[in-house]
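**Student:** Below is the file work-v6.cif, with mmCIF, C-alpha atoms.
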data_upload
#
loop_
_atom_site.label_atom_id
_atom_site.label_comp_id
_atom_site.auth_asym_id
_atom_site.auth_seq_id
_atom_site.Cartn_x
_atom_site.Cartn_y
_atom_site.Cartn_z
CA MET A 12 -16.29 26.77 -4.16
CA SER A 13 -17.51 27.97 -0.80
CA ALA A 14 -20.91 26.64 0.11
CA THR A 15 -23.68 28.92 1.32
CA GLN A 16 -23.87 29.04 5.12
CA PRO A 17 -27.09 27.33 6.22
CA ALA A 18 -29.64 28.74 8.58
CA ALA A 19 -29.23 28.40 12.33
CA THR A 20 -30.90 25.00 12.25
CA GLY A 21 -27.58 23.50 11.09
CA THR A 22 -29.19 21.65 8.20
CA GLN A 23 -27.44 21.18 4.88
CA PRO A 24 -28.30 23.72 2.17
CA ALA A 25 -30.61 22.45 -0.54
CA ALA A 26 -28.90 20.65 -3.37
CA GLY A 27 -28.43 22.66 -6.53
CA THR A 28 -27.67 26.01 -4.89
CA ALA A 29 -24.33 26.14 -6.71
CA PRO A 30 -23.80 25.46 -10.42
CA LYS A 31 -22.09 22.19 -11.20
CA LYS A 32 -18.68 22.34 -12.76
CA THR A 33 -17.32 20.14 -15.51
CA PRO A 34 -15.49 17.28 -13.77
CA ALA A 35 -11.74 17.72 -13.78
CA LYS A 36 -9.70 15.33 -15.86
CA LEU A 37 -8.33 12.41 -13.86
CA VAL A 38 -5.23 10.49 -14.86
CA PHE A 39 -5.00 6.86 -13.72
CA ALA A 40 -2.37 5.53 -16.13
CA ALA A 41 1.07 7.07 -15.80
CA PRO A 42 2.75 8.23 -19.02
CA ARG A 43 5.06 5.65 -20.58
CA ARG A 44 8.70 6.29 -19.72
CA GLY A 45 11.89 4.28 -19.38
CA LYS A 46 11.99 1.91 -16.42
CA PRO A 47 14.29 2.45 -13.43
CA PRO A 48 17.16 -0.05 -13.22
CA ARG A 49 16.37 -3.33 -11.50
CA HIS A 50 17.11 -3.26 -7.79
CA LEU A 51 17.23 -5.84 -5.02
CA ALA A 52 14.20 -4.19 -3.39
CA ASP A 53 12.10 -4.83 -6.49
CA LEU A 54 12.51 -8.58 -6.01
CA THR A 55 11.17 -11.21 -3.64
CA THR A 56 13.66 -13.43 -1.79
CA THR A 57 13.25 -16.15 -4.41
CA GLU A 58 13.64 -13.70 -7.28
CA ARG A 59 16.84 -12.32 -5.74
CA ARG A 60 18.38 -15.77 -5.62
CA GLU A 61 17.36 -16.42 -9.21
CA ALA A 62 18.84 -13.09 -10.30
CA VAL A 63 22.16 -13.83 -8.59
CA ALA A 64 22.26 -17.33 -10.11
CA ALA A 65 21.60 -15.82 -13.54
CA LEU A 66 24.75 -13.74 -13.02
CA GLY A 67 26.73 -16.95 -12.50
CA GLU A 68 27.07 -16.60 -8.73
CA LYS A 69 25.97 -18.79 -5.83
CA PRO A 70 22.35 -18.04 -4.83
CA PHE A 71 23.35 -17.44 -1.19
CA ARG A 72 25.08 -14.24 -2.33
CA ALA A 73 21.57 -12.79 -2.63
CA ASP A 74 21.06 -13.38 1.09
CA GLN A 75 24.32 -11.56 1.79
CA LEU A 76 23.24 -8.60 -0.31
CA SER A 77 19.88 -8.53 1.48
CA ARG A 78 21.58 -8.42 4.88
CA HIS A 79 23.73 -5.50 3.78
CA TYR A 80 20.87 -3.48 2.30
CA PHE A 81 17.98 -4.22 4.65
CA THR A 82 19.71 -5.02 7.96
CA ARG A 83 22.98 -3.10 7.92
CA LEU A 84 21.54 -0.33 5.67
CA VAL A 85 24.75 -0.44 3.64
CA ASP A 86 24.85 0.44 -0.05
CA ASP A 87 28.61 1.02 -0.36
CA PRO A 88 30.32 -2.05 -1.88
CA ALA A 89 33.55 -1.25 -0.04
CA LYS A 90 31.78 -2.07 3.23
CA MET A 91 30.54 -5.47 2.03
CA THR A 92 33.70 -7.27 3.07
CA ASP A 93 32.06 -10.70 3.30
CA LEU A 94 31.64 -10.62 -0.47
CA PRO A 95 34.72 -11.52 -2.53
CA ALA A 96 36.17 -8.42 -4.15
CA ALA A 97 36.02 -10.10 -7.55
CA VAL A 98 32.21 -10.38 -7.46
CA ARG A 99 31.31 -7.49 -5.16
CA GLU A 100 31.29 -4.69 -7.73
CA ARG A 101 29.34 -6.71 -10.28
CA LEU A 102 26.63 -7.81 -7.84
CA VAL A 103 26.24 -4.29 -6.48
CA SER A 104 26.09 -2.70 -9.93
CA GLU A 105 23.51 -5.26 -11.09
CA LEU A 106 21.32 -5.47 -7.97
CA LEU A 107 22.05 -2.39 -5.88
CA PRO A 108 22.27 0.40 -8.47
CA SER A 109 22.00 3.99 -7.28
CA LEU A 110 18.33 4.93 -7.71
CA LEU A 111 17.91 8.32 -6.04
CA THR A 112 20.07 11.42 -5.79
CA PRO A 113 19.22 14.07 -3.20
CA VAL A 114 19.01 17.46 -4.93
CA ARG A 115 17.71 19.50 -2.02
CA GLU A 116 17.27 19.01 1.72
CA LEU A 117 15.62 21.31 4.23
CA ASP A 118 15.12 20.77 7.93
CA CYS A 119 13.07 22.41 10.66
CA ASP A 120 11.72 21.66 14.13
CA ASP A 121 15.29 21.85 15.49
CA GLY A 122 16.44 19.38 12.86
CA THR A 123 13.91 16.66 13.70
CA THR A 124 11.98 17.15 10.46
CA LEU A 125 13.94 16.55 7.28
CA LYS A 126 12.39 17.01 3.85
CA THR A 127 14.30 15.73 0.81
CA VAL A 128 13.77 16.23 -2.90
CA TRP A 129 15.02 13.21 -4.81
CA LYS A 130 16.00 13.00 -8.46
CA ALA A 131 15.51 9.65 -10.16
CA PHE A 132 17.46 8.16 -13.06
CA ASP A 133 15.33 10.01 -15.62
CA GLY A 134 15.42 13.37 -13.86
CA VAL A 135 11.95 13.28 -12.29
CA LEU A 136 11.66 14.86 -8.85
CA PHE A 137 9.70 13.73 -5.82
CA GLU A 138 9.79 14.16 -2.07
CA SER A 139 10.02 12.30 1.20
CA VAL A 140 9.83 13.60 4.75
CA LEU A 141 11.40 12.15 7.90
CA MET A 142 9.76 13.28 11.14
CA ARG A 143 11.25 12.33 14.47
CA TYR A 144 9.08 12.50 17.57
CA PRO A 145 10.00 11.55 21.15
CA ASP A 146 8.30 8.15 20.82
CA ARG A 147 8.61 7.33 17.10
CA ALA A 148 10.15 8.25 13.77
CA THR A 149 7.82 8.48 10.78
CA MET A 150 8.71 8.42 7.09
CA CYS A 151 6.24 10.02 4.70
CA VAL A 152 6.95 8.59 1.25
CA SER A 153 5.89 9.36 -2.30
CA SER A 154 4.41 6.69 -4.56
CA GLN A 155 4.31 8.72 -7.78
CA ALA A 156 6.18 11.64 -9.31
CA GLY A 157 3.30 14.08 -9.41
CA CYS A 158 -0.34 13.03 -9.14
CA GLY A 159 -3.23 12.62 -11.56
CA MET A 160 -6.07 13.19 -9.09
CA ASN A 161 -6.19 16.95 -9.75
CA CYS A 162 -7.35 18.10 -6.29
CA PRO A 163 -7.29 21.90 -6.62
CA PHE A 164 -5.93 22.71 -3.15
CA CYS A 165 -2.96 20.32 -3.45
CA ALA A 166 0.37 21.44 -4.95
CA THR A 167 1.10 17.92 -6.22
CA GLY A 168 -2.33 17.57 -7.79
CA GLN A 169 -1.88 20.79 -9.71
CA ALA A 170 1.48 19.62 -11.06
CA GLY A 171 -0.05 16.61 -12.83
CA LEU A 172 1.27 13.07 -13.06
CA THR A 173 4.74 12.42 -14.48
CA ARG A 174 5.09 8.69 -13.75
CA ASN A 175 4.68 5.92 -11.22
CA LEU A 176 7.59 5.14 -8.92
CA SER A 177 9.00 1.63 -8.84
CA THR A 178 8.85 -0.55 -5.75
CA ALA A 179 12.56 0.02 -5.12
CA GLU A 180 12.27 3.79 -5.57
CA ILE A 181 9.67 3.80 -2.81
CA VAL A 182 11.67 1.48 -0.53
CA GLU A 183 14.84 3.50 -1.04
CA GLN A 184 13.12 6.57 0.43
CA VAL A 185 12.59 4.58 3.63
CA ALA A 186 16.09 3.11 3.56
CA ALA A 187 17.59 6.59 3.18
CA GLY A 188 15.63 7.79 6.20
CA ALA A 189 16.73 4.73 8.15
CA ARG A 190 20.37 5.46 7.30
CA ALA A 191 19.98 9.07 8.45
CA LEU A 192 18.55 7.94 11.79
CA ALA A 193 21.00 5.08 12.31
CA GLY A 194 23.92 7.37 11.49
CA GLY A 195 22.89 9.97 14.04
CA ARG A 196 22.13 12.68 11.45
CA ILE A 197 18.84 13.51 13.16
CA PRO A 198 19.00 15.07 16.65
CA GLY A 199 18.26 12.62 19.43
CA GLY A 200 20.99 10.08 18.78
CA PRO A 201 20.91 6.93 16.63
CA GLY A 202 17.41 5.61 16.02
CA ARG A 203 15.22 3.67 13.63
CA VAL A 204 12.22 4.29 11.41
CA SER A 205 9.13 2.98 13.17
CA ASN A 206 6.21 4.24 11.05
CA ILE A 207 5.56 4.63 7.33
CA VAL A 208 2.83 6.75 5.78
CA PHE A 209 2.08 6.71 2.06
CA MET A 210 1.00 10.34 2.13
CA GLY A 211 3.65 11.98 -0.01
CA MET A 212 3.33 12.78 -3.69
CA GLY A 213 0.89 10.68 -5.70
CA GLU A 214 -2.17 8.50 -5.20
CA PRO A 215 -0.80 5.22 -3.79
CA LEU A 216 -3.65 3.01 -4.98
CA ALA A 217 -3.23 4.30 -8.55
CA ASN A 218 0.22 2.65 -8.45
CA TYR A 219 -1.11 -0.46 -6.77
CA LYS A 220 1.40 -3.14 -7.77
CA ALA A 221 4.51 -1.14 -6.91
CA VAL A 222 3.03 0.13 -3.65
CA MET A 223 2.07 -3.37 -2.53
CA GLY A 224 5.56 -4.55 -3.42
CA ALA A 225 7.02 -1.72 -1.35
CA VAL A 226 4.75 -2.49 1.60
CA ARG A 227 5.96 -6.09 1.55
CA ARG A 228 9.63 -5.12 1.31
CA ILE A 229 9.16 -2.64 4.14
CA THR A 230 7.37 -5.17 6.36
CA ASP A 231 9.10 -8.44 5.46
CA PRO A 232 11.20 -9.68 8.40
CA LEU A 233 14.91 -8.91 8.37
CA PRO A 234 16.89 -9.59 6.24
CA ALA A 235 14.26 -10.18 3.56
CA GLY A 236 12.93 -6.68 4.20
CA LEU A 237 13.15 -3.79 6.63
CA GLY A 238 11.21 -5.56 9.37
CA ILE A 239 8.71 -2.77 10.13
CA SER A 240 5.33 -3.96 11.40
CA GLN A 241 2.42 -3.86 8.96
CA ARG A 242 0.42 -2.20 11.72
CA SER A 243 2.85 0.72 11.55
CA VAL A 244 2.16 1.33 7.84
CA THR A 245 -0.60 3.63 6.59
CA VAL A 246 -1.74 3.65 2.96
CA SER A 247 -3.79 6.65 1.91
CA THR A 248 -6.22 7.08 -0.96
CA VAL A 249 -8.61 9.72 -2.26
CA GLY A 250 -11.17 6.96 -2.77
CA LEU A 251 -10.38 4.49 -5.57
CA VAL A 252 -13.09 2.07 -4.53
CA PRO A 253 -12.05 -1.02 -6.56
CA ALA A 254 -8.47 -0.64 -5.28
CA ILE A 255 -9.69 -0.36 -1.67
CA GLU A 256 -11.61 -3.61 -2.19
CA LYS A 257 -8.49 -5.20 -3.69
CA LEU A 258 -6.41 -4.03 -0.72
CA ALA A 259 -8.91 -5.62 1.67
CA ALA A 260 -8.47 -8.93 -0.13
CA GLU A 261 -4.70 -8.80 0.57
CA ASP A 262 -5.51 -9.62 4.22
CA MET A 263 -2.83 -7.25 5.45
CA SER A 264 -2.98 -5.26 8.68
CA VAL A 265 -1.89 -1.91 7.26
CA ARG A 266 -4.06 1.07 8.13
CA LEU A 267 -6.25 2.63 5.46
CA ALA A 268 -6.49 6.42 5.35
CA VAL A 269 -9.20 8.00 3.21
CA SER A 270 -8.67 11.60 2.12
CA LEU A 271 -12.30 12.68 2.32
CA HIS A 272 -12.14 16.49 2.75
CA ALA A 273 -15.91 16.92 2.37
CA PRO A 274 -18.90 14.89 3.61
CA ASP A 275 -21.26 15.93 0.80
CA ASP A 276 -20.98 14.99 -2.86
CA GLU A 277 -21.70 18.50 -4.10
CA LEU A 278 -18.53 19.94 -2.56
CA ARG A 279 -16.39 16.81 -2.81
CA ASP A 280 -17.00 16.64 -6.58
CA ASP A 281 -14.98 19.87 -6.74
CA LEU A 282 -12.41 19.30 -3.99
CA VAL A 283 -11.65 15.67 -4.87
CA PRO A 284 -12.56 15.14 -8.54
CA ILE A 285 -12.46 11.33 -8.25
CA ASN A 286 -15.75 11.79 -6.39
CA ASN A 287 -17.38 12.27 -9.80
CA ARG A 288 -16.76 8.55 -10.30
CA TRP A 289 -17.16 7.10 -6.77
CA LYS A 290 -19.39 9.04 -4.41
CA VAL A 291 -18.94 9.57 -0.67
CA SER A 292 -21.27 6.70 0.25
CA GLU A 293 -19.39 4.27 -2.00
CA VAL A 294 -16.01 5.31 -0.64
CA LEU A 295 -17.14 4.96 2.97
CA ASP A 296 -18.82 1.59 2.31
CA ALA A 297 -15.50 0.31 0.92
CA ALA A 298 -13.66 1.76 3.92
CA TRP A 299 -15.99 0.04 6.42
CA ALA A 300 -15.57 -3.25 4.55
CA TYR A 301 -11.79 -2.82 4.85
CA ALA A 302 -12.12 -2.14 8.58
CA ASP A 303 -14.30 -5.22 9.05
CA ARG A 304 -11.83 -7.46 7.24
CA SER A 305 -8.59 -6.03 8.66
CA GLY A 306 -9.79 -5.15 12.14
CA ARG A 307 -7.99 -1.82 11.74
CA ARG A 308 -9.52 1.56 12.42
CA VAL A 309 -9.90 3.67 9.27
CA SER A 310 -8.40 7.15 9.34
CA ILE A 311 -10.46 9.88 7.69
CA GLU A 312 -8.18 12.68 6.50
CA TYR A 313 -9.91 16.04 6.33
CA ALA A 314 -8.03 19.20 5.34
CA LEU A 315 -9.79 22.15 6.94
CA ILE A 316 -10.09 24.95 4.37
CA LYS A 317 -11.33 28.38 5.41
CA ASP A 318 -14.95 29.03 4.40
CA VAL A 319 -14.96 26.02 2.08
CA ASN A 320 -15.44 22.81 4.08
CA ASP A 321 -15.17 23.94 7.71
CA GLN A 322 -18.79 24.89 8.41
CA ALA A 323 -20.43 23.54 11.57
CA TRP A 324 -23.20 21.86 9.54
CA ARG A 325 -20.57 19.92 7.59
CA ALA A 326 -19.03 18.75 10.86
CA ASP A 327 -22.47 17.49 11.89
CA LEU A 328 -22.99 15.75 8.55
CA LEU A 329 -19.56 14.13 8.80
CA GLY A 330 -20.30 13.02 12.34
CA ARG A 331 -23.57 11.39 11.27
CA LEU A 332 -21.83 9.55 8.43
CA LEU A 333 -19.01 8.21 10.59
CA ARG A 334 -20.51 7.48 14.00
CA GLY A 335 -20.72 3.87 15.06
CA ASN A 336 -17.88 2.77 12.77
CA LEU A 337 -14.26 1.80 13.43
CA VAL A 338 -12.90 5.22 12.50
CA HIS A 339 -10.79 8.16 13.57
CA VAL A 340 -10.83 11.63 12.01
CA ASN A 341 -7.54 13.37 11.37
CA LEU A 342 -8.20 17.08 10.85
CA ILE A 343 -5.44 18.80 8.91
CA PRO A 344 -4.99 22.58 9.05
CA LEU A 345 -4.34 23.32 5.38
CA ASN A 346 -0.71 24.11 4.62
CA PRO A 347 -1.27 26.70 1.86
CA THR A 348 0.81 26.86 -1.29
CA PRO A 349 2.23 30.20 -2.51
CA GLY A 350 -0.33 32.24 -4.44
CA SER A 351 -3.17 29.86 -3.63
CA LYS A 352 -6.63 31.12 -2.68
CA TRP A 353 -6.93 28.21 -0.27
CA THR A 354 -5.92 28.75 3.35
CA ALA A 355 -6.35 27.18 6.78
CA SER A 356 -9.52 27.56 8.80
CA ARG A 357 -9.88 30.10 11.58
CA PRO A 358 -8.93 28.66 14.99
CA GLU A 359 -12.45 29.14 16.30
CA ASP A 360 -13.94 27.26 13.32
CA GLU A 361 -11.43 24.45 13.80
CA ARG A 362 -12.38 24.16 17.48
CA GLU A 363 -16.10 24.10 16.66
CA PHE A 364 -15.53 21.40 14.02
CA VAL A 365 -13.76 19.27 16.62
CA ARG A 366 -16.51 19.89 19.18
CA ARG A 367 -19.26 18.86 16.76
CA LEU A 368 -17.51 15.61 15.80
CA GLU A 369 -16.89 14.73 19.43
CA ALA A 370 -20.59 15.40 20.16
CA HIS A 371 -21.39 12.63 17.65
CA GLY A 372 -19.01 10.27 19.46
CA VAL A 373 -16.43 10.32 16.66
CA PRO A 374 -12.76 10.26 17.77
CA VAL A 375 -10.89 13.22 16.30
CA THR A 376 -7.46 14.84 16.51
CA VAL A 377 -5.90 17.83 14.81
CA ARG A 378 -2.71 16.91 13.01
CA ASP A 379 0.58 18.37 14.19
CA THR A 380 1.50 20.38 11.09
CA ARG A 381 5.23 20.14 10.72
CA GLY A 382 7.29 21.71 7.97
CA ARG A 383 5.44 24.95 7.28
CA GLU A 384 8.70 26.87 7.02
CA ILE A 385 10.29 24.39 4.59
CA ASP A 386 7.67 24.33 1.83
CA GLY A 387 5.82 21.77 3.89
CA ALA A 388 2.80 21.23 1.66
CA CYS A 389 3.28 18.11 -0.42
CA GLY A 390 4.79 18.98 -3.79
CA GLN A 391 5.96 22.50 -2.89
CA LEU A 392 9.63 21.70 -2.40
CA ALA A 393 9.88 19.58 -5.54
CA ALA A 394 8.26 22.36 -7.53
CA SER A 395 10.67 24.95 -6.16
CA ALA A 396 13.64 22.66 -6.84
CA LYS A 397 12.47 22.23 -10.43
CA ASP A 398 12.13 25.97 -10.84
#
Hey, can you dump this file as structure tokens for me?
**Tutor:**
Amino acid sequence: MSATQPAATGTQPAAGTAPKKTPAKLVFAAPRRGKPPRHLADLTTTERREAVAALGEKPFRADQLSRHYFTRLVDDPAKMTDLPAAVRERLVSELLPSLLTPVRELDCDDGTTLKTVWKAFDGVLFESVLMRYPDRATMCVSSQAGCGMNCPFCATGQAGLTRNLSTAEIVEQVAAGARALAGGRIPGGPGRVSNIVFMGMGEPLANYKAVMGAVRRITDPLPAGLGISQRSVTVSTVGLVPAIEKLAAEDMSVRLAVSLHAPDDELRDDLVPINNRWKVSEVLDAAWAYADRSGRRVSIEYALIKDVNDQAWRADLLGRLLRGNLVHVNLIPLNPTPGSKWTASRPEDEREFVRRLEAHGVPVTVRDTRGREIDGACGQLAASAKD
């Protein structure tokens, strides 16, 4: 999949120098499976009150449950002493069922990075990562068990799609991280989750309804939700153009991150198979429309892969495509999976890529790659836990 290095002029090689491959199969609809049990986090404030009333209890009990779950981060009924003992167990079993069981946890970076493999009610496995920095604590959450986008350098993409996660299964990943921070489990003393990135397993915009529900639960003010600012939430996508347009119409202030990984259609068709449906120009047009409507800078995610997409001429092409727009490039040194032919770029090629983008006036940073020693690439730890 490596492209031919162009002549010293830095121009793009002529189209058609490499044979085209049959587009990889993409999976948008998750396989039909049993639904997770209903949970408070699946419901709006009004729906919670209706659910409690349907159980024969006063609607205000829903507000009490919300305060326990979202504000106090409590899921143990024994600690909900403002609820009568006679109704406590029933309300908790009906509206706060146990959704996720941790089956494996690994930490690194002196304990400030914690990666967890969760098992859902039906046995599917997925991951979340809590990363504490001096000025913030970020939760990276999964939106699907597996992924149907089939990107060949991604461990999750190669595993295929098992199913979509529910709104509550997504929210519970954040709540679990919040409990760990509030309880002092992470070095640095008690803290709180400040940032959410939908960059774990799955394509978030392929599970649009549940992800939007989770974003609202995460950002609704306490005690209706977790009270995290929409501006501190990032939703990533490989480029599902109609879903990007739909997200823009939500009039939210979440950040959009586009996993581009190649500026030219010839290479991106292979690296990100969805490009066979929506080309680079279409994806970027949708991204700029989102930026115009939301006022938020778009993040372009670009995994640097040795001798595949890290050529200087591709940096120049990317710079020409992005300059003048509300954008920031996040270069990601590839975290290779065991046995993969894909690996991170040479340091000198990474530096030249950065230099070329900056020469075009495009803001760029190289991501701090945490978690290399704990199966850090998305999907690795879940795969090893399954094995």
**Student:** Under the rule that all atoms listed in the file are counted, which of A:Leu271, A:Ile181, A:Ile316, A:Leu84 is the nearest residue to Arg227 (chain A)?
**Tutor:**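 Residue with the minimum atom-to-atom distance to Arg227 (chain A): A:Ile181.
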**Student:** What does the distance from CA of Phe71 (chain A) to CA of Ala235 (chain A) come to in Å, to one decimal?
**Tutor:**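 So the two atoms, CA of Phe71 (chain A) and CA of Ala235 (chain A), lie 12.6 Å apart.
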**Student:** My list of candidates is A:Ala323, A:Leu136, A:Val291, A:Leu94. Which is closest to Gly157 (chain A) when distances are computed with all atoms listed in the file?
**Tutor:** A:Leu136
**Student:** Starting from the displayed file, determine the output of the PyMOL selection byres ((chain A and resi 285) around 9) and express the residue list as a ChimeraX atom specification.
**Tutor:** /A:34-35,37,160-162,249-251,279-280,283-284,286-290
**Student:** Could you write out as a PyMOL selection string the residues that the PyMOL selection byres ((chain A and resi 199-215) around 9) matches in the shown file?
**Tutor:** chain A and resi 123+137-141+143+145+147-160+167-168+172+175+185-186+188-198+216-219+221-222+229+239-240+242-249+389-390
**Student:** Take the PyMOL selection byres ((chain A and resi 85-87) around 10), run it mentally on this structure, and tell me the resulting residues as a PyMOL selection string.
**Tutor:** chain A and resi 76-84+88-91+100+103+107-109+186+190
**Student:** Please dump the current selection as a short mmCIF file (atom, residue, chain, number, x, y, z; two decimals), in the coordinates of the input; keep C-alpha atoms.
**Tutor:**
data_model
loop_
_atom_site.label_atom_id
_atom_site.label_comp_id
_atom_site.auth_asym_id
_atom_site.auth_seq_id
_atom_site.Cartn_x
_atom_site.Cartn_y
_atom_site.Cartn_z
CA LEU A 76 23.24 -8.60 -0.31
CA SER A 77 19.88 -8.53 1.48
CA ARG A 78 21.58 -8.42 4.88
CA HIS A 79 23.73 -5.50 3.78
CA TYR A 80 20.87 -3.48 2.30
CA PHE A 81 17.98 -4.22 4.65
CA THR A 82 19.71 -5.02 7.96
CA ARG A 83 22.98 -3.10 7.92
CA LEU A 84 21.54 -0.33 5.67
CA PRO A 88 30.32 -2.05 -1.88
CA ALA A 89 33.55 -1.25 -0.04
CA LYS A 90 31.78 -2.07 3.23
CA MET A 91 30.54 -5.47 2.03
CA GLU A 100 31.29 -4.69 -7.73
CA VAL A 103 26.24 -4.29 -6.48
CA LEU A 107 22.05 -2.39 -5.88
CA PRO A 108 22.27 0.40 -8.47
CA SER A 109 22.00 3.99 -7.28
CA ALA A 186 16.09 3.11 3.56
CA ARG A 190 20.37 5.46 7.30
#
**Student:** What does the distance from CA of Ser292 (chain A) to CA of Arg331 (chain A) come to in Å, to one decimal?
**Tutor:**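 Between CA of Ser292 (chain A) and CA of Arg331 (chain A) the gap is 12.2 Å.
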**Student:** Could you check which of A:Arg307, A:Arg49, A:Lys317, A:Arg60 is closest to Asn346 (chain A), using all atoms listed in the file?
**Tutor:**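 Ranked by minimum distance to Asn346 (chain A), first place goes to A:Lys317.
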**Student:** I'd like the contact shell of Ala225 (chain A) - 8 Å cut-off, all atoms listed in the file, skipping same-chain residues fewer than 6 positions apart - returned as a PDB file with C-alpha atoms, in the coordinates of the input.
**Tutor:**
ATOM      1  CA  ALA A  52      14.200  -4.190  -3.390  1.00  0.00           C
ATOM      2  CA  ASP A  53      12.100  -4.830  -6.490  1.00  0.00           C
ATOM      3  CA  THR A 178       8.850  -0.550  -5.750  1.00  0.00           C
ATOM      4  CA  ALA A 179      12.560   0.020  -5.120  1.00  0.00           C
ATOM      5  CA  ILE A 181       9.670   3.800  -2.810  1.00  0.00           C
ATOM      6  CA  VAL A 182      11.670   1.480  -0.530  1.00  0.00           C
TER       7      VAL A 182
END
**Student:** Within 9 Å of region 355-375 of chain A, which residues of region 243-331 of chain A come that close, and what is the closest atom pair and distance in Å for each? Count only C-alpha atoms and give it as a tab-separated table.
**Tutor:**
residue	atom	partner	partner_atom	distance
A:Ala314	CA	A:Ala355	CA	8.3
A:Leu315	CA	A:Ser356	CA	5.7
A:Ile316	CA	A:Ala355	CA	5.0
A:Lys317	CA	A:Ser356	CA	3.9
A:Asp318	CA	A:Ser356	CA	7.1
A:Val319	CA	A:Ser356	CA	8.8
A:Asn320	CA	A:Ser356	CA	8.9
A:Asp321	CA	A:Asp360	CA	6.6
A:Gln322	CA	A:Asp360	CA	7.3
A:Ala323	CA	A:Phe364	CA	5.9
A:Trp324	CA	A:Arg367	CA	8.8
A:Arg325	CA	A:Phe364	CA	8.3
A:Ala326	CA	A:Phe364	CA	5.4
A:Asp327	CA	A:Arg367	CA	6.0
A:Leu329	CA	A:Leu368	CA	7.4
A:Gly330	CA	A:Leu368	CA	5.1
A:Arg331	CA	A:His371	CA	6.9
**Student:** Pick out the residues sitting within 8 Å of Pro347 (chain A), and hand them over as a PyMOL selection string; count all atoms listed in the file, and ignore anything fewer than 6 positions along from it in its own chain.
**Tutor:** chain A and resi 164+353-355+388
**Student:** Kindly give the distance, in Å, that separates CA of Ile311 (chain A) and CA of Val377 (chain A), rounded to a single decimal.
**Tutor:**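 Interatomic distance, CA of Ile311 (chain A) to CA of Val377 (chain A): 11.6 Å.
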